[in-house]
Amino acid sequence: MLVASGYTSAGQQQPDSAVAIVADALELPFVPADQRPVFGTYWEVRSSLPCVTAPLPFPPFDQSLPVYAIDSDHLFLVDETAGQVLSPLPPEYGSALSAADAAAILQTQVAELQDFVAQTQARQLTAQSSPSRSMAMLEEDDPPMEEGYIFGPSDLWLQIVSGPVTNATADLVIHPPWNDTNLTHDLYYTESLESPVVWQFMMRCAYTNAVVTDLCAAQGFFRLGPTTNGNLTLSTNATAQELAQQLVPPWVTVTNVSYTGAIEARGTFSGGNGCGLPLESGVILATGDIANALGPNNQHNAWTKFYTNNYNGDIDLDNLTGGDPTYDAAVLEFDIISTNAFTLGFQYIFASEEYPEWIGPFNDPMAVFVSTNVAGTNWINSITNDIALVPGTTNLAVSVNSINGGCVADVHGSYTFPFNPHCYVDNADPDFVAVPPYQVSAPVFNVQYDGMTVLLSAQAQISAGITNHVKIAIADYGDAIYDSAVFIKAWTPCP
């Protein structure tokens with residue numbers, strides 16, 4: 001085994017690791033700890049094969065680790081080998097290496113590193129000699145870049161505007177290549193780049209701006225990837241009790257569960273991430289057959305009408321929309337009680353076929369009521385205990401009219417202005433278009449609905465030992481046709 005014999009007075013490692021050998025051969029300068037940029041690409045080199053691992057966007061926390069510059073600005077090698085060469089065999093086969101084996105592995109590491117550095121430098125030369133996104137070409141609102149950073153026209157890069165900050169939210173901007181006509185990318189997140197890296201699907205990005213909410217960790221890493229092409233799996237087999245139990249923590253007692261509406265209008269879903277939804281699985285309630293949720297989006301008017309079979313509206317939703325009747329309501333209700341105080345939280349998206357051409361007259365609503373007020377056997381529900389509100393408001397329920405991207409020319413040829421469009425994501429109605437820049441040229445999500453909200457959160461503080469009544473409801477408004485739905489995430493703890 002080769003072991004580093006120490007450091008020079010300048011802090012450099014003696015040339016007995018693969019990194020130091022390559023750095024000496026290629027004249028890569030050593031970078032002292034106090035001269036390492038706080039923002040860069042730091043490739044970690046370890047004692048394994050292959051020895052180059054995923055990069056960090058910042059210098060190593062351990063400032064004693066030797067760092068060498070591949071170029072003078074932002075590409076670096078971090079020597080984490082400690083001068084060691086490790087056996088590629090599992091421990092049960094013995095870990096001792098002969099001098100010949102160690103030399104052979106070291107030679108392989110050196111060859112790998114030399115090839116990696118050569119390819120990296122070649123890419124840099126190509127990028128610098130081609131038309132690039134120079135400082136002068138950056139948008140006026142872009143923050144100043146680290147000196148030496150040059151993004152070429154073929155680069156796809158992710159800019160963190162802020163976050164993770166309060167409420168565990170990160171604001172991101174996607175900078176696509178100049179010739180990228182499809183701006184749709186899937187965004188992933190991980191809390192650690194330690195092997196094995198587990199990337200969690202966060203959202204499908206239909207626009208260049210992305211807001212990621214409800215991050216569990218205070219720090220982490222994002223990456224963009226190509227979009228997937230999966231399908232929803234839907235089932236109406238679960239009982240109302242099983243649906244309710246999915247939505248609350250396991251320590252919460254759920255009683256008095258009831259469901260009002262068509263059996264076909266409630267159930268479970270899975271495979272959401274593969275369709276681009278920010279929810280992988282959970283409960284779906286709809287104003288029509290949940291099977292109408294299945295993609296692709298090839299209709300502008302998917303619907304199922306139940307009200308002629310005595311599946312009518314909901315009085316509490318009637319009151320939220322001004323007192324006019326609603327239709328085809330799907331309502332899940334249950335009581336909860338907990339031995340400890342906690343925050344009851346629901347993550348959900350609201351989707352609708354009413355988008356974008358029927359914004360206005362057909363204002364399909366939804367609500368999540370959490371109440372401790374009861375009159376006789378009737379729980380008191382109003383906007384004051386509806387926790388599914390438009391973000392930033394205190395009395396605006398989520399509905400087609402309260403969150404949308406507008407319409408260039410609706411069924412009457414009229415222009416409809418967007419309302420709270422920062423909470424809306426378009427899914428390309430086949431016959432009508434949202435107002436730019438909220439319209440998309442092709443369906444983003446593999447579901448039938450023509451538009452939806454971003455991932456929204458509804459929260460209520462639950463006191464220990466107090467019975468709370470939960471009512472989750474959605475309904476048609478104005479008529480009983482074009483469907484709307486709410487997808488609610490199954491309860492999962494933050495890791």
# chains A, B, ... in the order shown; residues from 1 in each chain; ligands from 1
call {"tool": "select_by_dssp", "arguments": {"residues": "region 364-491 of chain A", "states": "strand (DSSP E or B)", "output": "VMD selection string"}}
result
chain A and resid 365 to 371 374 to 375 378 to 379 386 389 397 399 404 407 416 419 424 to 426 447 451 to 453 456 to 462 468 to 477 482 484 to 489
call {"tool": "residues_around", "arguments": {"residues": "Val45 (chain A)", "least_positions_apart": "5", "cutoff": "10 Å", "atoms": "only C-alpha atoms", "output": "list in words"}}
result
Ala18, Val19, Pro50, Cys51, Val52, Thr53, Ala54, Pro55, Leu77, Val78, Asp79, Glu80, Thr81, Gln109 and Leu113 of chain A
call {"tool": "select_by_dssp", "arguments": {"residues": "region 169-296 of chain A", "states": "alpha helix (DSSP H)", "output": "NGL selection string"}}
result
:A and (240-246)
call {"tool": "residues_around", "arguments": {"residues": "Ala111 (chain A)", "least_positions_apart": "5", "cutoff": "9 Å", "atoms": "only C-alpha atoms", "output": "list in words"}}
result
Ala18, Val22, Leu106 and Phe116 of chain A
call {"tool": "residues_around", "arguments": {"residues": "Asp289 (chain A)", "least_positions_apart": "3", "cutoff": "10 Å", "atoms": "only C-alpha atoms", "output": "list in words"}}
result
Thr236, Ala262, Ile263, Glu264, Ala265, Arg266, Gly267, Leu285, Ala286, Asn292, Ala293, Ala302, Trp303, Thr304, Lys305, Phe306, Asp483, Ser484 and Ala485 of chain A
call {"tool": "write_last_selection", "arguments": {"atoms": "N, CA and C atoms", "output": "CSV table (one decimal), in the first residue's frame"}}
result
chain,number,residue,atom,x,y,z
A,236,THR,N,-60.3,2.3,-7.5
A,236,THR,CA,-61.4,2.7,-6.6
A,236,THR,C,-61.7,1.7,-5.6
A,262,ALA,N,-70.1,9.7,-6.1
A,262,ALA,CA,-70.0,8.5,-6.9
A,262,ALA,C,-68.8,7.7,-6.5
A,263,ILE,N,-68.9,6.4,-6.5
A,263,ILE,CA,-67.8,5.5,-6.2
A,263,ILE,C,-66.7,5.7,-7.2
A,264,GLU,N,-67.0,6.0,-8.5
A,264,GLU,CA,-66.0,6.2,-9.5
A,264,GLU,C,-65.2,7.5,-9.3
A,265,ALA,N,-65.7,8.4,-8.4
A,265,ALA,CA,-65.1,9.7,-8.3
A,265,ALA,C,-64.1,9.8,-7.2
A,266,ARG,N,-63.8,8.7,-6.5
A,266,ARG,CA,-62.8,8.7,-5.5
A,266,ARG,C,-61.9,7.4,-5.6
A,267,GLY,N,-60.7,7.6,-5.1
A,267,GLY,CA,-59.8,6.4,-5.2
A,267,GLY,C,-58.4,6.8,-4.8
A,285,LEU,N,-59.8,12.8,-5.5
A,285,LEU,CA,-61.2,13.0,-5.6
A,285,LEU,C,-61.5,13.8,-6.8
A,286,ALA,N,-62.6,13.5,-7.5
A,286,ALA,CA,-62.9,14.2,-8.8
A,286,ALA,C,-64.3,14.5,-8.9
A,292,ASN,N,-60.9,9.4,-16.0
A,292,ASN,CA,-60.7,10.5,-16.9
A,292,ASN,C,-59.4,11.2,-16.7
A,293,ALA,N,-58.7,10.9,-15.6
A,293,ALA,CA,-57.4,11.6,-15.3
A,293,ALA,C,-56.3,11.0,-16.2
A,302,ALA,N,-63.0,16.5,-21.3
A,302,ALA,CA,-63.3,15.2,-20.6
A,302,ALA,C,-64.2,15.4,-19.5
A,303,TRP,N,-65.2,14.5,-19.4
A,303,TRP,CA,-66.2,14.7,-18.2
A,303,TRP,C,-67.0,13.5,-18.1
A,304,THR,N,-67.5,13.4,-16.8
A,304,THR,CA,-68.6,12.4,-16.5
A,304,THR,C,-69.6,13.1,-15.6
A,305,LYS,N,-70.9,13.0,-16.0
A,305,LYS,CA,-71.9,13.7,-15.2
A,305,LYS,C,-72.7,12.7,-14.4
A,306,PHE,N,-72.7,13.0,-13.0
A,306,PHE,CA,-73.3,12.1,-12.1
A,306,PHE,C,-74.6,12.6,-11.5
A,483,ASP,N,-64.7,18.0,-16.0
A,483,ASP,CA,-64.2,17.5,-14.8
A,483,ASP,C,-63.1,18.3,-14.1
A,484,SER,N,-63.1,18.3,-12.8
A,484,SER,CA,-61.9,18.8,-12.0
A,484,SER,C,-61.5,17.7,-11.0
A,485,ALA,N,-60.3,17.8,-10.5
A,485,ALA,CA,-59.9,16.8,-9.5
A,485,ALA,C,-58.9,17.4,-8.6
call {"tool": "residues_around", "arguments": {"residues": "region 30-35 of chain A", "least_positions_apart": "5", "cutoff": "6 Å", "atoms": "only C-alpha atoms", "output": "JSON, numbers by chain"}}
result
{"A": [63, 67, 68]}
call {"tool": "write_last_selection", "arguments": {"atoms": "C-alpha atoms", "output": "mmCIF file, in the first residue's frame"}}
result
data_model
loop_
_atom_site.group_PDB
_atom_site.id
_atom_site.type_symbol
_atom_site.label_atom_id
_atom_site.label_comp_id
_atom_site.auth_asym_id
_atom_site.auth_seq_id
_atom_site.Cartn_x
_atom_site.Cartn_y
_atom_site.Cartn_z
ATOM 1 C CA GLN A 63 -9.393 22.569 4.312
ATOM 2 C CA VAL A 67 -6.835 20.954 -4.148
ATOM 3 C CA TYR A 68 -5.413 21.429 -7.668
#
call {"tool": "closest_residue", "arguments": {"among": "A:Pro325, A:Gly313, A:Pro296, A:Gly220", "to": "Asp429 (chain A)", "atoms": "only C-alpha atoms"}}
result
A:Pro296
call {"tool": "residues_around", "arguments": {"residues": "Leu247 (chain A)", "least_positions_apart": "5", "cutoff": "10 Å", "atoms": "only C-alpha atoms", "output": "ChimeraX atom specification"}}
result
/A:242,282-283,344-347,488-492
call {"tool": "write_last_selection", "arguments": {"atoms": "C-alpha atoms", "output": "PDB file, in the first residue's frame"}}
result
ATOM      1  CA  GLU A 242     -58.481   3.494   4.022  1.00  0.00           C
ATOM      2  CA  GLY A 282     -52.050   9.352  -2.664  1.00  0.00           C
ATOM      3  CA  VAL A 283     -55.789  10.013  -2.827  1.00  0.00           C
ATOM      4  CA  LEU A 344     -51.772  18.376  10.222  1.00  0.00           C
ATOM      5  CA  GLY A 345     -50.556  18.976   6.690  1.00  0.00           C
ATOM      6  CA  PHE A 346     -51.846  18.142   3.223  1.00  0.00           C
ATOM      7  CA  GLN A 347     -49.894  18.544  -0.012  1.00  0.00           C
ATOM      8  CA  ILE A 488     -53.581  14.676  -2.333  1.00  0.00           C
ATOM      9  CA  LYS A 489     -50.257  13.222  -1.265  1.00  0.00           C
ATOM     10  CA  ALA A 490     -50.233  10.221   0.997  1.00  0.00           C
ATOM     11  CA  TRP A 491     -48.760  11.225   4.365  1.00  0.00           C
ATOM     12  CA  THR A 492     -45.016  10.649   4.589  1.00  0.00           C
TER      13      THR A 492
END
call {"tool": "atom_distance", "arguments": {"atom1": "CA of Asp410 (chain A)", "atom2": "CA of Phe487 (chain A)"}}
result
26.2 Å
call {"tool": "closest_atom_pairs", "arguments": {"of": "region 221-314 of chain A", "to": "region 173-187 of chain A", "cutoff": "8 Å", "atoms": "only C-alpha atoms", "output": "tab-separated table"}}
result
residue	atom	partner	partner_atom	distance
A:Phe222	CA	A:Leu187	CA	6.9
A:Arg223	CA	A:Leu187	CA	5.9
A:Leu224	CA	A:Leu187	CA	4.8
A:Gly225	CA	A:Asp186	CA	5.2
A:Pro226	CA	A:His185	CA	5.5
A:Thr227	CA	A:Asp186	CA	5.2
A:Thr228	CA	A:Asp186	CA	7.8
A:Gly276	CA	A:Asp186	CA	7.5
